[in-house]
Structure formats: C-alpha cells, structure tokens
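S.K.: Enclosed is the structure file my_file-v1.txt (compact mmCIF, C-alpha atoms and all ligand atoms).
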```txt
# COMPACT_ATOMS: atom_id res chain seq x y z
CA MET A 1 89.79 103.61 69.39
CA PRO A 2 90.77 101.13 72.17
CA ARG A 3 88.52 101.02 75.23
CA TYR A 4 90.01 100.64 78.69
CA ALA A 5 88.67 99.57 82.07
CA LEU A 6 90.31 101.04 85.13
CA LEU A 7 89.96 99.17 88.42
CA ILE A 8 90.29 101.38 91.48
CA ALA A 9 92.20 100.26 94.56
CA PRO A 10 89.87 98.71 97.15
CA SER A 11 91.13 101.21 99.73
CA THR A 12 89.81 104.07 97.56
CA ASN A 13 86.26 102.99 98.38
CA ARG A 14 87.07 103.13 102.07
CA VAL A 15 88.48 106.66 101.74
CA TYR A 16 85.84 108.23 99.53
CA SER A 17 82.97 105.69 99.77
CA ASP A 18 80.44 106.46 97.05
CA ALA A 19 82.53 109.36 95.64
CA ALA A 20 85.42 107.01 94.71
CA LEU A 21 84.64 106.59 91.01
CA ARG A 22 83.72 110.26 90.58
CA LEU A 23 87.07 111.35 92.03
CA THR A 24 88.97 108.83 89.90
CA ARG A 25 87.15 110.13 86.86
CA ALA A 26 88.00 113.73 87.82
CA GLU A 27 91.67 112.84 88.30
CA LEU A 28 91.76 111.02 84.95
CA GLN A 29 90.27 114.11 83.28
CA ILE A 30 92.94 116.28 84.92
CA PHE A 31 95.70 113.98 83.61
CA GLY A 32 93.95 114.00 80.22
CA GLY A 33 93.78 117.77 80.08
CA SER A 34 97.44 118.26 81.00
CA VAL A 35 100.02 115.55 80.29
CA LEU A 36 98.30 112.84 78.21
CA SER A 37 98.73 113.07 74.44
CA ALA A 38 94.92 113.39 74.13
CA PRO A 39 92.12 113.46 76.72
CA PRO A 40 90.31 110.11 77.20
CA VAL A 41 86.74 110.22 75.90
CA ASP A 42 83.43 108.51 76.58
CA LEU A 43 84.15 108.06 80.30
CA ASP A 44 81.65 105.79 82.00
CA GLU A 45 81.15 103.77 85.15
CA THR A 46 80.61 100.15 84.14
CA ALA A 47 80.08 96.99 86.21
CA LEU A 48 82.07 94.04 84.84
CA GLY A 49 81.48 90.74 86.61
CA GLY A 50 79.72 92.72 89.32
CA ILE A 51 82.78 94.95 89.99
CA PRO A 52 82.59 98.68 89.15
CA TYR A 53 85.19 99.98 86.68
CA LEU A 54 85.84 103.38 85.16
CA THR A 55 85.81 102.77 81.41
CA PHE A 56 87.05 105.15 78.72
CA GLU A 57 88.34 105.34 75.18
CA ALA A 58 91.84 106.58 74.41
CA GLU A 59 94.86 106.08 72.18
CA LEU A 60 97.34 105.60 75.02
CA THR A 61 101.01 105.97 74.17
CA LYS A 62 103.80 104.47 76.28
CA ALA A 63 104.35 107.91 77.80
CA ASP A 64 100.63 108.21 78.62
CA LEU A 65 100.75 104.88 80.46
CA GLY A 66 103.76 106.15 82.42
CA TYR A 67 101.67 109.06 83.72
CA LEU A 68 98.47 107.05 84.29
CA ALA A 69 100.30 104.47 86.40
CA ASN A 70 100.58 107.21 89.04
CA LEU A 71 96.88 107.99 89.30
CA SER A 72 96.20 108.07 93.04
CA SER A 73 93.49 105.41 93.01
CA ILE A 74 94.55 103.13 90.14
CA TYR A 75 94.84 99.44 91.03
CA ALA A 76 94.89 97.87 87.57
CA LEU A 77 94.21 98.83 83.98
CA PHE A 78 92.77 96.56 81.31
CA GLU A 79 92.15 96.93 77.63
CA LEU A 80 88.65 95.73 76.77
CA ILE A 81 88.78 93.20 73.95
CA GLY A 82 85.18 92.20 73.28
CA ASP A 83 84.03 91.14 76.74
CA LEU A 84 87.54 90.10 77.83
CA LEU A 85 90.02 92.11 79.87
CA ARG A 86 93.65 92.29 78.75
CA PRO A 87 95.94 93.51 81.58
CA VAL A 88 98.05 96.58 80.81
CA GLU A 89 101.48 96.71 82.47
CA LEU A 90 101.76 99.68 84.86
CA SER A 91 105.03 100.98 86.33
CA PRO A 92 104.32 103.73 88.84
CA LEU A 93 107.12 105.85 90.32
CA ALA A 94 108.34 103.87 93.31
CA HIS A 95 111.68 105.11 94.60
CA PHE A 96 110.82 103.56 97.98
CA ASP A 97 108.48 100.74 99.06
CA ASP A 98 104.96 101.93 99.80
CA ASP A 99 105.40 101.08 103.49
CA LEU A 100 107.27 104.39 103.75
CA ILE A 101 103.81 105.95 103.58
CA THR A 102 101.61 103.23 105.08
CA ILE A 103 103.58 102.36 108.26
CA PRO A 104 103.05 105.68 110.11
CA LYS A 105 99.64 105.60 111.78
CA TYR A 106 98.52 108.48 114.00
CA ALA A 107 95.55 110.70 114.75
CA GLY A 108 95.44 113.59 112.29
CA LYS A 109 97.24 111.75 109.46
CA THR A 110 96.04 112.80 106.03
CA ASN A 111 94.92 109.75 104.10
CA GLU A 112 97.70 108.43 101.84
CA GLN A 113 95.64 108.19 98.68
CA PHE A 114 94.17 111.61 99.19
CA THR A 115 97.67 113.03 99.74
CA ARG A 116 98.71 111.55 96.41
CA LEU A 117 95.63 112.97 94.68
CA LEU A 118 96.39 116.44 96.04
CA LEU A 119 100.04 116.18 95.02
CA ASN A 120 99.15 114.89 91.53
CA VAL A 121 96.61 117.58 90.70
CA THR A 122 98.98 120.26 91.95
CA LEU A 123 101.93 118.88 89.94
CA LEU A 124 99.74 118.71 86.83
CA ALA A 125 98.74 122.36 87.21
CA SER A 126 102.37 123.45 87.46
CA ARG A 127 104.95 124.03 84.78
CA SER A 128 106.67 120.87 86.04
CA GLY A 129 103.71 118.56 85.26
CA PRO A 130 105.13 117.13 82.01
CA ALA A 131 108.46 116.47 83.76
CA MET A 132 106.91 114.75 86.80
CA LEU A 133 108.26 111.34 85.80
CA GLU A 134 111.88 112.26 85.21
CA ARG A 135 112.82 115.44 87.09
CA ARG A 136 113.89 115.59 90.70
CA LEU A 137 111.33 118.21 91.69
CA THR A 138 111.03 119.91 95.06
CA VAL A 139 107.76 119.55 96.95
CA LEU A 140 107.00 121.71 99.99
CA ASP A 141 104.27 120.93 102.51
CA PRO A 142 104.11 124.00 104.77
CA LEU A 143 101.66 122.29 107.21
CA CYS A 144 103.33 118.91 107.06
CA GLY A 145 102.23 117.13 110.26
CA ARG A 146 104.17 113.90 110.44
CA GLY A 147 105.15 113.99 106.79
CA THR A 148 102.69 112.05 104.61
CA THR A 149 103.29 114.47 101.72
CA LEU A 150 107.05 114.37 102.24
CA ASN A 151 107.04 110.58 102.09
CA GLN A 152 104.91 110.61 98.95
CA ALA A 153 107.31 113.12 97.37
CA LEU A 154 110.26 110.84 98.29
CA ARG A 155 108.46 107.92 96.67
CA TYR A 156 108.17 109.95 93.48
CA GLY A 157 111.94 110.53 93.63
CA TYR A 158 111.67 114.20 94.60
CA HIS A 159 113.21 116.39 97.28
CA ALA A 160 110.81 117.15 100.11
CA ILE A 161 110.54 120.07 102.50
CA GLY A 162 108.07 120.36 105.36
CA ILE A 163 107.17 122.91 108.00
CA GLU A 164 105.32 121.91 111.18
CA ARG A 165 104.89 123.95 114.31
CA ASP A 166 104.17 121.01 116.60
CA GLY A 167 107.61 119.84 117.76
CA LYS A 168 106.28 116.41 118.74
CA GLU A 169 105.33 115.76 115.12
CA VAL A 170 108.79 116.73 113.89
CA ASP A 171 110.48 114.50 116.48
CA ALA A 172 108.17 111.61 115.60
CA TYR A 173 108.93 112.00 111.90
CA SER A 174 112.66 112.20 112.45
CA ALA A 175 112.57 109.05 114.63
CA PHE A 176 110.42 107.18 112.12
CA LEU A 177 112.52 108.09 109.09
CA ARG A 178 115.86 107.24 110.74
CA THR A 179 114.54 103.85 111.83
CA TYR A 180 112.99 103.21 108.42
CA LEU A 181 116.15 104.06 106.49
CA LYS A 182 118.28 101.91 108.82
CA ARG A 183 115.90 98.96 108.65
CA LYS A 184 115.84 99.15 104.85
CA ARG A 185 119.64 99.49 104.82
CA LEU A 186 119.44 102.66 102.76
CA LYS A 187 122.57 104.75 102.89
CA HIS A 188 121.75 108.11 104.46
CA HIS A 189 122.93 110.94 106.62
CA ALA A 190 120.48 112.58 109.03
CA GLU A 191 120.78 115.40 111.53
CA LEU A 192 118.64 117.70 113.62
CA ASN A 193 120.04 121.23 114.09
CA PRO A 194 118.93 124.61 115.35
CA VAL A 195 118.54 127.36 112.72
CA ARG A 196 119.55 130.81 113.93
CA ARG A 197 119.21 134.27 112.38
CA ASP A 198 120.99 137.14 114.15
CA ARG A 199 121.73 134.68 116.96
CA LYS A 200 118.00 134.11 117.53
CA LEU A 201 116.59 130.59 117.19
CA VAL A 202 114.08 130.66 114.30
CA ALA A 203 113.54 126.94 113.75
CA ARG A 204 114.80 123.43 114.34
CA ARG A 205 115.74 121.64 111.13
CA PHE A 206 115.68 117.89 110.60
CA GLU A 207 117.47 116.99 107.39
CA ALA A 208 118.18 113.62 105.82
CA THR A 209 120.12 112.99 102.63
CA ILE A 210 119.28 109.60 101.17
CA ALA A 211 121.69 107.73 98.91
CA GLY A 212 123.42 111.06 98.29
CA ALA A 213 120.57 111.95 95.91
CA GLN A 214 117.38 112.95 97.67
CA THR A 215 116.93 115.26 100.62
CA VAL A 216 114.05 115.56 103.01
CA THR A 217 113.99 118.54 105.34
CA MET A 218 111.46 119.23 108.05
CA PHE A 219 111.43 122.52 109.96
CA HIS A 220 109.94 122.83 113.41
CA ALA A 221 108.59 126.37 113.08
CA ASP A 222 105.52 128.43 112.35
CA THR A 223 104.78 128.38 108.63
CA ILE A 224 104.26 132.16 108.72
CA ASP A 225 107.98 132.54 109.51
CA ALA A 226 109.11 130.40 106.56
CA ARG A 227 111.07 133.18 104.86
CA GLN A 228 113.46 133.21 107.83
CA PHE A 229 114.76 129.79 106.86
CA LEU A 230 113.68 129.11 103.26
CA LYS A 231 114.73 130.89 100.08
CA ALA A 232 112.24 132.51 97.72
CA GLY A 233 111.29 130.24 94.81
CA CYS A 234 112.59 127.08 96.50
CA ALA A 235 109.56 124.87 95.70
CA ASP A 236 108.21 123.60 92.37
CA VAL A 237 104.92 122.79 94.05
CA ILE A 238 103.41 123.44 97.46
CA VAL A 239 100.70 121.19 98.86
CA ALA A 240 98.99 121.60 102.20
CA ASP A 241 96.17 119.81 103.93
CA CYS A 242 94.90 122.59 106.19
CA PRO A 243 93.81 122.03 109.79
CA TYR A 244 90.23 120.87 109.70
CA GLY A 245 89.10 123.06 112.57
CA VAL A 246 87.90 119.99 114.49
CA ALA A 247 89.71 118.04 117.22
CA HIS A 248 91.56 114.99 115.93
CA GLY A 249 91.89 112.83 119.02
CA SER A 250 95.15 113.67 120.75
CA HIS A 251 96.55 115.65 117.81
CA SER A 252 97.62 118.64 119.87
CA GLY A 253 98.84 120.77 116.94
CA GLU A 254 95.29 121.54 115.91
CA GLY A 255 94.22 122.92 119.28
CA ARG A 256 96.21 126.12 119.13
CA THR A 257 95.60 126.79 115.46
CA ARG A 258 93.87 129.91 114.18
CA SER A 259 90.79 129.25 112.10
CA PRO A 260 91.80 127.62 108.80
CA LEU A 261 90.80 130.72 106.84
CA GLU A 262 92.78 133.03 109.13
CA LEU A 263 95.75 130.71 108.78
CA LEU A 264 95.44 130.80 104.98
CA ARG A 265 95.16 134.61 104.97
CA ALA A 266 98.38 134.87 106.96
CA ALA A 267 100.27 132.06 105.26
CA VAL A 268 99.42 132.19 101.55
CA PRO A 269 101.33 135.47 100.92
CA VAL A 270 104.41 133.78 102.43
CA TRP A 271 103.90 130.51 100.50
CA VAL A 272 103.59 132.43 97.22
CA GLN A 273 107.13 133.74 97.75
CA LEU A 274 108.40 130.18 98.16
CA LEU A 275 106.93 129.03 94.84
CA ALA A 276 109.20 128.95 91.79
CA PRO A 277 107.79 130.77 88.74
CA GLY A 278 105.27 128.47 87.04
CA GLY A 279 104.85 126.61 90.31
CA ALA A 280 101.47 125.62 91.74
CA LEU A 281 99.90 125.60 95.18
CA GLY A 282 97.30 122.96 96.09
CA ILE A 283 95.32 123.13 99.31
CA SER A 284 92.67 120.94 100.83
CA TRP A 285 90.42 122.08 103.63
CA ASN A 286 87.17 121.45 105.44
CA THR A 287 84.38 123.35 103.71
CA HIS A 288 82.28 123.24 106.90
CA VAL A 289 84.67 125.84 108.35
CA ALA A 290 85.51 127.88 105.21
CA GLY A 291 83.60 128.24 101.95
CA ARG A 292 85.20 127.56 98.58
CA ALA A 293 84.71 131.15 97.38
CA GLU A 294 86.38 132.55 100.52
CA ALA A 295 89.34 130.16 100.21
CA ALA A 296 89.70 130.93 96.49
CA ALA A 297 89.64 134.67 97.26
CA VAL A 298 92.64 134.21 99.56
CA LEU A 299 94.60 132.59 96.72
CA THR A 300 93.67 135.17 94.08
CA GLY A 301 94.27 137.95 96.64
CA SER A 302 97.90 136.82 96.73
CA GLY A 303 98.25 137.04 92.96
CA LEU A 304 97.68 133.36 92.14
CA ASP A 305 95.45 132.11 89.33
CA VAL A 306 92.98 129.49 90.54
CA VAL A 307 92.88 126.57 88.11
CA ASP A 308 89.55 125.38 86.77
CA GLN A 309 89.19 121.70 87.68
CA PRO A 310 86.48 119.04 87.85
CA ASP A 311 84.82 118.79 91.25
CA LEU A 312 87.05 117.00 93.79
CA ALA A 313 84.97 117.77 96.90
CA HIS A 314 83.88 114.82 99.02
CA ARG A 315 82.63 113.83 102.46
CA VAL A 316 85.23 112.56 104.95
CA ASP A 317 83.01 112.13 107.99
CA GLN A 318 80.19 113.89 109.80
CA ALA A 319 82.37 116.87 110.72
CA ILE A 320 84.50 117.13 107.57
CA HIS A 321 83.58 117.83 103.97
CA ARG A 322 86.87 118.25 102.12
CA ASP A 323 87.59 120.19 98.98
CA ILE A 324 90.69 120.99 96.88
CA LEU A 325 91.79 124.26 95.29
CA VAL A 326 94.80 124.51 93.02
CA ALA A 327 96.34 127.79 91.89
CA ARG A 328 99.29 128.74 89.74
CA ARG A 329 101.90 131.38 90.19
C1 LIG B 1 95.62 118.46 108.73
S1 LIG B 1 97.17 118.48 109.54
C2 LIG B 1 98.28 117.90 108.29
C3 LIG B 1 98.59 116.45 108.47
C4 LIG B 1 99.68 115.95 107.55
N1 LIG B 1 99.31 116.07 106.15
C5 LIG B 1 100.00 114.51 107.88
O1 LIG B 1 99.53 113.60 107.17
O2 LIG B 1 100.67 114.25 108.89
C6 LIG B 1 97.60 120.19 109.63
C7 LIG B 1 98.90 120.46 110.35
O3 LIG B 1 99.19 121.84 110.30
C8 LIG B 1 99.92 122.17 111.48
N2 LIG B 1 99.86 123.64 111.64
C9 LIG B 1 98.78 124.40 111.97
N3 LIG B 1 99.11 125.70 111.99
C10 LIG B 1 100.43 125.77 111.69
C11 LIG B 1 101.35 126.84 111.53
N4 LIG B 1 100.96 128.10 111.73
N5 LIG B 1 102.62 126.55 111.19
C12 LIG B 1 103.02 125.25 110.99
N6 LIG B 1 102.19 124.20 111.12
C13 LIG B 1 100.91 124.45 111.47
C14 LIG B 1 99.20 121.38 112.56
O4 LIG B 1 100.02 121.23 113.71
C15 LIG B 1 98.90 120.07 111.83
O5 LIG B 1 99.93 119.14 112.05
```
Could the structure of this file be written out as structure tokens, please?

M.R.:
Amino acid sequence: MPRYALLIAPSTNRVYSDAALRLTRAELQIFGGSVLSAPPVDLDETALGGIPYLTFEAELTKADLGYLANLSSIYALFELIGDLLRPVELSPLAHFDDDLITIPKYAGKTNEQFTRLLLNVTLLASRSGPAMLERRLTVLDPLCGRGTTLNQALRYGYHAIGIERDGKEVDAYSAFLRTYLKRKRLKHHAELNPVRRDRKLVARRFEATIAGAQTVTMFHADTIDARQFLKAGCADVIVADCPYGVAHGSHSGEGRTRSPLELLRAAVPVWVQLLAPGGALGISWNTHVAGRAEAAAVLTGSGLDVVDQPDLAHRVDQAIHRDILVARR
C-alpha cells in the first residue's frame, strides 16, 4: 500500500504548538472514518530532513484526495517513494481567496485554522459530510462574532448565517465584507434591514448575495431569540466557538455574557430546532470554565447524540484550554 507524508502548515504549529501533529492526526482519522474510501493506517509522526511529517498508509482515490485537500492544517502531501517525496496535487475548495479569512484581525477572533477544523469535523459528522465538496450547504454560526466561520463557509462555496448580539461586530463585518467584495470586483448586492415581528424590532439583518449564488446573512440579535427570525431546520450544520469566559482585550461582547454553560443550556434547545434532520452541531469552549461531561450533558439533554471522536482538546494559552464536542440530530 502507498505510504504518504503530510506536511502541516507552519501556522498550525503557532496555533497548537506541540499538539499540532496530534490534532492533524485526529482530523485525518475523522476524515478516514467518514468520507474516505478506507481509513488510513499505520499513522506515525516521522522526521524527514529534520522536518516533522504525519505519515500514513492508504489507497487514496481521486475522491479521497479531494476531501483530504481540505484538512484544516494540510500544507502539502507527498507520496513516499523509497526515501524520496513525490508531491501530490491538492485542490482545496477555494471559492474566494484566503484573504477573505486572514484580513480581519481583531481581539476575540477565533483562529482561522481552528475554525476550519471545527467546521470540518462537524460537517463530517452530519448527513451532508459526503456531499461537502459539491453541495451548496448552509452553515450557521449562532455566536458568530465578526464572522470567521461565515467567511470559511463562503470559501467552501456554502451559504452562511450568523447571529451576534454585539452590534459593533455586525457593523464591522458588514463594512469589511462590502469593502472586500468591491475591492475584488465581485458582483454582489448587500443590505442592512430591521426585522420586525408584530411591529416589534427583533433583529437587524445584514444580508449579502454574492454573484447571485451565495448568500451570507448576519443577524444582530440574541441567539436565544433565533426562532423569531430563522426557520426551523434552516441549517445543515451549526458551529459555535463559545465565549471563553475570560476578557479578550476590548472585545465588549464577552463582558455581558452569561457563563458559557448557562449560555449553552439556554441556547442549545433553540439551535437544535434550527438544525435540519441529519444535521450536526459542533461547539468549542474553554474547559477551564465548563467540564466536558457537563457540556456533553447539555447536548444530550436536548436530544442530540454526541459523536465519539479522537481527542481534539488543546491548550490555547494560560487561561484557555479548548475542547470540541460534536453531536448529531
Ligand atoms: C468566542 S466569540 C466568537 C468569535 C467568532 N468565532 C469570530 O471569530 O469572530 C463568542 C461570541 O459570542 C457572542 N455572544 C455571546 N452571547 C451571545 C448571545 N446570547 N447571543 C449572540 N451572541 C452572543 C459574543 O459577543 C462573541 O462575539
């Protein structure tokens, strides 16, 4: 069986430091257990020319390579021929340039690679996993901040919906996206409108339609109120990076937040209604403020099945140890 060597993006080491290869390995196993024609075997961490690689054996089909190209930390893939490396062509989904995700820089931004990891493992747990390369799926981030998940979803060619209760974040996202689309000369239509129910204002909605094909919608509202402006079953997957329960510089949205666990207890029953049948919910949170068992209990308490996955927990900094839970409806 052919043996491959996967080189991780240099930035992955900066995000996860010494957990980088372990997380790449876990993500590869999740791809292997879901969409690849067969799980890769004999996974190992090998230094080649002094550079660490994740090596594995697999019979990779063209379709398999299509999926693997989207691994959140992949930089390059080589087939090992004796002690030589033969490059394997990778074509990741790239409906927009990656600067759509890398340009915005602000306190409280969820790391781009981590956002992609969370989206990937959630997609792969959902009924839509096998169709992730060709279908125009709908991704909802119900705690969307300034839209890292939405931009990643756009890059994958999907529709994106976000909910954020800090109006400044919504305004910043709308300004950024309009400027970006204009600068890239991408045909689009964007507007910001109030949403009313029974004449009461329930949200502000920023909506952009891009090239008549993809829509991105961000609601300025409390996520708990989502059913006032979103239909049941509107999302194929929901991904949320929960407030970390620590101050993030000037990121004012976090200050007024309930504890992450309280927020999850109030919000998950609402999010479950927004998930299409077979859809999946992926959350990340700071385990210093809520244990894994407690967070999992919130998901199962709302009728979701928590998916068994390799360990994706890792240290972010002194105050944050982040973990991921994925559950299926
Ligand atoms: C960890 S941040 C997410 C950052 C986002 N992924 C990004 O990269 O910009 C969590 C976000 O949840 C928002 N939030 C907290 N409670 C909320 C609620 N009840 N409804 C809507 N948004 C809320 C906060 O304002 C904050 O922007």

S.K.: What is the distance between atom O2 of ligand LIG 1 (chain B) and atom CA of Ala293 of chain A, in Å to one decimal?

M.R.: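 Straight-line distance from atom O2 of ligand LIG 1 (chain B) to atom CA of Ala293 of chain A works out to 25.9 Å.
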
S.K.: Figure out the distance between atom CA of Ala213 of chain A and atom CA of Thr115 of chain A, please, to one decimal in Å.

M.R.: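 A separation of 23.2 Å between them.
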
S.K.: If you count all atoms listed in the file, which residues fall within 10 Å of Gln152 of chain A, apart from same-chain ones fewer than 3 positions away, as a PDB file with C-alpha atoms, in the frame of the given file?

M.R.:
```
ATOM      1  CA  ALA A  94     108.340 103.870  93.310  1.00  0.00           C
ATOM      2  CA  HIS A  95     111.680 105.110  94.600  1.00  0.00           C
ATOM      3  CA  PHE A  96     110.820 103.560  97.980  1.00  0.00           C
ATOM      4  CA  ASP A  98     104.960 101.930  99.800  1.00  0.00           C
ATOM      5  CA  LEU A 100     107.270 104.390 103.750  1.00  0.00           C
ATOM      6  CA  ILE A 101     103.810 105.950 103.580  1.00  0.00           C
ATOM      7  CA  GLU A 112      97.700 108.430 101.840  1.00  0.00           C
ATOM      8  CA  GLN A 113      95.640 108.190  98.680  1.00  0.00           C
ATOM      9  CA  THR A 115      97.670 113.030  99.740  1.00  0.00           C
ATOM     10  CA  ARG A 116      98.710 111.550  96.410  1.00  0.00           C
ATOM     11  CA  LEU A 119     100.040 116.180  95.020  1.00  0.00           C
ATOM     12  CA  VAL A 139     107.760 119.550  96.950  1.00  0.00           C
ATOM     13  CA  GLY A 147     105.150 113.990 106.790  1.00  0.00           C
ATOM     14  CA  THR A 148     102.690 112.050 104.610  1.00  0.00           C
ATOM     15  CA  THR A 149     103.290 114.470 101.720  1.00  0.00           C
ATOM     16  CA  ARG A 155     108.460 107.920  96.670  1.00  0.00           C
ATOM     17  CA  TYR A 156     108.170 109.950  93.480  1.00  0.00           C
ATOM     18  CA  GLY A 157     111.940 110.530  93.630  1.00  0.00           C
ATOM     19  CA  TYR A 158     111.670 114.200  94.600  1.00  0.00           C
ATOM     20  CA  ALA A 160     110.810 117.150 100.110  1.00  0.00           C
TER      21      ALA A 160
END
```

S.K.: With 7 Å as the cut-off and all atoms listed in the file counted, what is the closest atom pair between each nearby residue of chain A and ligand LIG 1 (chain B)? Distances in Å to one decimal, ordered by chain and number, as a tab-separated table.

M.R.:
```
residue	atom	partner	partner_atom	distance
A:Gly108	CA	B:LIG1	C3	5.7
A:Lys109	CA	B:LIG1	O1	3.7
A:Thr110	CA	B:LIG1	O1	3.8
A:Asn111	CA	B:LIG1	O1	6.7
A:Pro142	CA	B:LIG1	C12	6.4
A:Leu143	CA	B:LIG1	O3	4.0
A:Cys144	CA	B:LIG1	C4	4.7
A:Gly145	CA	B:LIG1	O5	3.5
A:Arg146	CA	B:LIG1	O2	3.8
A:Gly147	CA	B:LIG1	O2	5.0
A:Thr148	CA	B:LIG1	O1	4.4
A:Thr149	CA	B:LIG1	N1	6.2
A:Ile163	CA	B:LIG1	C12	5.6
A:Glu164	CA	B:LIG1	N6	3.9
A:Arg165	CA	B:LIG1	C12	4.0
A:Asp166	CA	B:LIG1	O4	5.1
A:Ala221	CA	B:LIG1	C12	6.1
A:Asp222	CA	B:LIG1	N5	3.6
A:Thr223	CA	B:LIG1	N5	3.8
A:Ile224	CA	B:LIG1	N4	6.0
A:Ala240	CA	B:LIG1	N1	6.8
A:Asp241	CA	B:LIG1	C1	5.0
A:Cys242	CA	B:LIG1	C1	4.9
A:Pro243	CA	B:LIG1	C1	4.1
A:Tyr244	CA	B:LIG1	C1	6.0
A:Gly253	CA	B:LIG1	O4	3.5
A:Glu254	CA	B:LIG1	C14	5.2
A:Thr257	CA	B:LIG1	N3	5.1
A:Leu263	CA	B:LIG1	N4	6.5
```

S.K.: Atom CA of Ala319 of chain A to atom CA of Val15 of chain A: how many Å, to one decimal?

M.R.: 14.9 Å

S.K.: Show me, as a ChimeraX atom specification, the residues that have an atom within 6 Å of His188 of chain A when counting all atoms listed in the file, minus same-chain residues fewer than 4 positions from it.

M.R.: /A:209-211

S.K.: Any idea what's packed within 9 Å of segment 68-82 of chain A, counting only C-alpha atoms, ignoring anything in its chain fewer than 4 positions away? Could you give it as an MDAnalysis selection string?

M.R.: chainID A and resid 2:12 20 23:24 27:28 31 36 55 63:64 86:93 112:118 120

S.K.: Every residue with an atom at most 6 Å from (116.3, 115.6, 92.6) (file coordinates; only C-alpha atoms) is what I'm after, so could you write them as a PDB file with C-alpha atoms, in the frame of the given file?

M.R.:
```pdb
ATOM      1  CA  ARG A 136     113.890 115.590  90.700  1.00  0.00           C
ATOM      2  CA  LEU A 137     111.330 118.210  91.690  1.00  0.00           C
ATOM      3  CA  TYR A 158     111.670 114.200  94.600  1.00  0.00           C
ATOM      4  CA  HIS A 159     113.210 116.390  97.280  1.00  0.00           C
ATOM      5  CA  GLN A 214     117.380 112.950  97.670  1.00  0.00           C
TER       6      GLN A 214
END
```

S.K.: Centre and edge lengths of an axis-aligned box around all listed atoms of segment 208-225 of chain A, with 6 Å added on each side, are to be given in Å to one decimal, as lines of an AutoDock Vina configuration file.

M.R.:
```
center_x = 113.8
center_y = 120.1
center_z = 104.7
size_x = 31.2
size_y = 36.8
size_z = 29.5
```
